[in-house]
Amino acid sequence: MKIAIATHYEVPEICDLDIQKDDLLAEYLRSKGYEVDGKVWNSNTCWEEYCAVIVRTTWDYFVQPKEFKEWLTKLNSLNIKLFNPYQILLWNMEKTYLDDLIRNGIPIVPTIFFRNLKDATEEALLKTGWKKMIFKPILGGSSHNVEKFDLEEGVERGLKICEKILQSCSMMIQPFVENLQDQGETSLIYFDKVYSHSVRKTPLEDFRLFDMTNIKIERITPPDEFRLLGDRIVNWVRGDLPYARIDLVVYEGKAVVMELELLEPTLFLDKSSAAKFGEAVLKQLQ
């Protein structure tokens with residue numbers, strides 16, 4: 001049986017970067033008798049040859065969101081097992097999933113959404129009460145179109161940033177979390193809803209934690225408050241959840257969600273955690 005690990009054109013092979021190490025996952029699955037290939041998601045691959053596709057380094061999906069959704073839908077219609085499951089991948093593509101978290105009582109970094117230019121007004125920015133803000137597209141990866149804004153720069157600049165982002169998709173605004181510079185962001189990794197490991201990511205220079213070349217990464221034992229929140233979130237998600245990364249920060253004295261990464265997250269794998277990931281995949285293929 002054959003399994004594909006989905007990639008993108010700039011990383012066409014199975015990723016072996018220190019922070020990604022999907023090659024360890026492939027090695028584990030091969031040890032269990034599976035053929036494993038790295039395949040660019042929007043290539044002319046004969047997907048029917050594969051019993052499963054693990055979505056991993058499809059880091060350009062937000063550039064072609066319509067085509068990416070069509071690709072997922074095609075695989076689903078062919079009854080090819082997707083990791084994560086089809087509906088979860090679709091739900092997690094846009095950061096509006098944060099709305100669902102807060103509606104279900106899960107604490108997040110305060111977030112407001114601008115759906116279009118009509119929402120992006122001076123009144124709306126001032127109403128937040130935040131002096132420093134982070135602007136993000138709801139559809140994006142890495143630090144693409146992520147901007148920091150300080151009201152001291154003038155509301156007009158903030159509105160211009162909004163206009164730029166809203167040309168491509170809706171956007172979100174969050175307060176700038178000041179303690180990120182020294183406390184960093186903690187990522188909790190789960191396989192099959194079971195906790196595996198954690199890392200803390202601290203920016204070295206720029207505020208962006210999405211650029212893995214700009215951060216210090218260290219394995220840690222997370223505080224109990226973080227573990228409890230992480231466990232609560234994975235158990236809230238309905239259905240199977242082979243892999244998940246939950247990014248948490250401390251905001252106003254309590255643990256809150258920055259992002260819930262269920263689509264192509266970096267999982268900071270080593271040999272042990274790659275085996276846990278592999279077992280989560282194999283469980284669904286039995």
# chains A, B, ... in the order shown; residues from 1 in each chain; ligands from 1
>>> closest_atom_pairs(of="range 205-263 of chain A", to="range 150-174 of chain A", cutoff="12 Å", atoms="only C-alpha atoms", output="tab-separated table")
residue	atom	partner	partner_atom	distance
A:Tyr251	CA	A:Gln174	CA	11.4
A:Val257	CA	A:Gln174	CA	11.7
A:Met258	CA	A:Gln174	CA	9.4
A:Glu259	CA	A:Gln174	CA	11.7
>>> write_last_selection(atoms="N, CA and C atoms", output="PDB file, in the first residue's frame")
ATOM      1  N   TYR A 251      -1.875  35.814  28.246  1.00  0.00           N
ATOM      2  CA  TYR A 251      -2.432  37.153  27.979  1.00  0.00           C
ATOM      3  C   TYR A 251      -3.268  37.567  29.182  1.00  0.00           C
ATOM      4  N   VAL A 257      -5.334  30.762  23.573  1.00  0.00           N
ATOM      5  CA  VAL A 257      -4.926  30.224  22.278  1.00  0.00           C
ATOM      6  C   VAL A 257      -4.529  31.352  21.333  1.00  0.00           C
ATOM      7  N   MET A 258      -3.356  31.220  20.742  1.00  0.00           N
ATOM      8  CA  MET A 258      -2.966  32.104  19.653  1.00  0.00           C
ATOM      9  C   MET A 258      -3.439  31.507  18.330  1.00  0.00           C
ATOM     10  N   GLU A 259      -3.149  30.200  18.139  1.00  0.00           N
ATOM     11  CA  GLU A 259      -3.611  29.496  16.945  1.00  0.00           C
ATOM     12  C   GLU A 259      -3.800  28.017  17.268  1.00  0.00           C
TER      13      GLU A 259
END
>>> select_by_dssp(residues="range 142-188 of chain A", states="strand (DSSP E)", output="list in words")
Glu147, Lys148, Phe149, Asp150, Met171, Met172, Ile173, Gln174, Pro175, Glu185, Thr186, Ser187 and Leu188 of chain A
>>> write_last_selection(atoms="C-alpha atoms", output="PDB file, in the first residue's frame")
ATOM      1  CA  GLU A 147       1.875  43.489  10.060  1.00  0.00           C
ATOM      2  CA  LYS A 148       2.417  45.148  13.427  1.00  0.00           C
ATOM      3  CA  PHE A 149       0.722  48.499  13.946  1.00  0.00           C
ATOM      4  CA  ASP A 150       1.060  51.100  16.686  1.00  0.00           C
ATOM      5  CA  MET A 171      -8.513  39.830   7.918  1.00  0.00           C
ATOM      6  CA  MET A 172      -8.200  39.722  11.668  1.00  0.00           C
ATOM      7  CA  ILE A 173      -6.777  42.030  14.301  1.00  0.00           C
ATOM      8  CA  GLN A 174      -5.312  41.013  17.641  1.00  0.00           C
ATOM      9  CA  PRO A 175      -3.547  42.987  20.355  1.00  0.00           C
ATOM     10  CA  GLU A 185       4.825  31.120  22.564  1.00  0.00           C
ATOM     11  CA  THR A 186       4.361  27.513  23.681  1.00  0.00           C
ATOM     12  CA  SER A 187       3.366  24.889  21.114  1.00  0.00           C
ATOM     13  CA  LEU A 188       1.740  21.695  22.373  1.00  0.00           C
TER      14      LEU A 188
END
>>> residues_around(residues="Glu94 in chain A", least_positions_apart="3", cutoff="9 Å", atoms="only C-alpha atoms", output="ChimeraX atom specification")
/A:90-91,97-98,137-140
>>> atom_distance(atom1="CA of Ala6 in chain A", atom2="CA of Lys39 in chain A")
5.1 Å
>>> select_by_dssp(residues="range 20-197 of chain A", states="helix (DSSP H, G or I)", output="ChimeraX atom specification")
/A:22-31,47-49,61-63,65-77,86-92,97-103,122-127,151-153,155-166,180-183
>>> closest_atom_pairs(of="range 165-252 of chain A", to="range 271-277 of chain A", cutoff="9 Å", atoms="only C-alpha atoms", output="JSON lines")
{"residue": "A:Tyr190", "atom": "CA", "partner": "A:Phe277", "partner_atom": "CA", "distance": 8.6}
{"residue": "A:Phe191", "atom": "CA", "partner": "A:Phe277", "partner_atom": "CA", "distance": 5.7}
{"residue": "A:Asp192", "atom": "CA", "partner": "A:Phe277", "partner_atom": "CA", "distance": 8.0}
{"residue": "A:Ser196", "atom": "CA", "partner": "A:Ser273", "partner_atom": "CA", "distance": 6.7}
{"residue": "A:His197", "atom": "CA", "partner": "A:Ser273", "partner_atom": "CA", "distance": 7.8}
{"residue": "A:Pro242", "atom": "CA", "partner": "A:Phe277", "partner_atom": "CA", "distance": 7.2}
{"residue": "A:Tyr243", "atom": "CA", "partner": "A:Phe277", "partner_atom": "CA", "distance": 7.0}
>>> write_last_selection(atoms="N, CA and C atoms", output="PDB file, in the first residue's frame")
ATOM      1  N   TYR A 190       0.055  17.145  19.685  1.00  0.00           N
ATOM      2  CA  TYR A 190      -0.771  15.975  20.016  1.00  0.00           C
ATOM      3  C   TYR A 190      -0.862  15.042  18.814  1.00  0.00           C
ATOM      4  N   PHE A 191      -0.891  13.753  19.097  1.00  0.00           N
ATOM      5  CA  PHE A 191      -1.165  12.749  18.069  1.00  0.00           C
ATOM      6  C   PHE A 191      -2.315  11.874  18.558  1.00  0.00           C
ATOM      7  N   ASP A 192      -3.350  11.787  17.726  1.00  0.00           N
ATOM      8  CA  ASP A 192      -4.543  11.020  18.091  1.00  0.00           C
ATOM      9  C   ASP A 192      -5.124  11.508  19.417  1.00  0.00           C
ATOM     10  N   SER A 196       1.979  14.715  23.170  1.00  0.00           N
ATOM     11  CA  SER A 196       3.280  14.156  22.827  1.00  0.00           C
ATOM     12  C   SER A 196       4.430  14.981  23.410  1.00  0.00           C
ATOM     13  N   HIS A 197       4.534  16.258  23.004  1.00  0.00           N
ATOM     14  CA  HIS A 197       5.668  17.066  23.443  1.00  0.00           C
ATOM     15  C   HIS A 197       5.358  18.544  23.245  1.00  0.00           C
ATOM     16  N   PRO A 242      -5.700  13.022  14.010  1.00  0.00           N
ATOM     17  CA  PRO A 242      -4.388  12.365  14.030  1.00  0.00           C
ATOM     18  C   PRO A 242      -3.244  13.261  14.487  1.00  0.00           C
ATOM     19  N   TYR A 243      -3.270  14.557  14.116  1.00  0.00           N
ATOM     20  CA  TYR A 243      -2.203  15.446  14.581  1.00  0.00           C
ATOM     21  C   TYR A 243      -2.760  16.830  14.851  1.00  0.00           C
TER      22      TYR A 243
END
>>> residues_around(residues="Lys254 in chain A", least_positions_apart="5", cutoff="12 Å", atoms="only C-alpha atoms", output="ChimeraX atom specification")
/A:106-109,223-226,229,248-249
>>> closest_residue(among="A:Ala4, A:Leu101, A:Ile80, A:Ile189", to="Thr57 in chain A", atoms="only C-alpha atoms")
A:Ala4
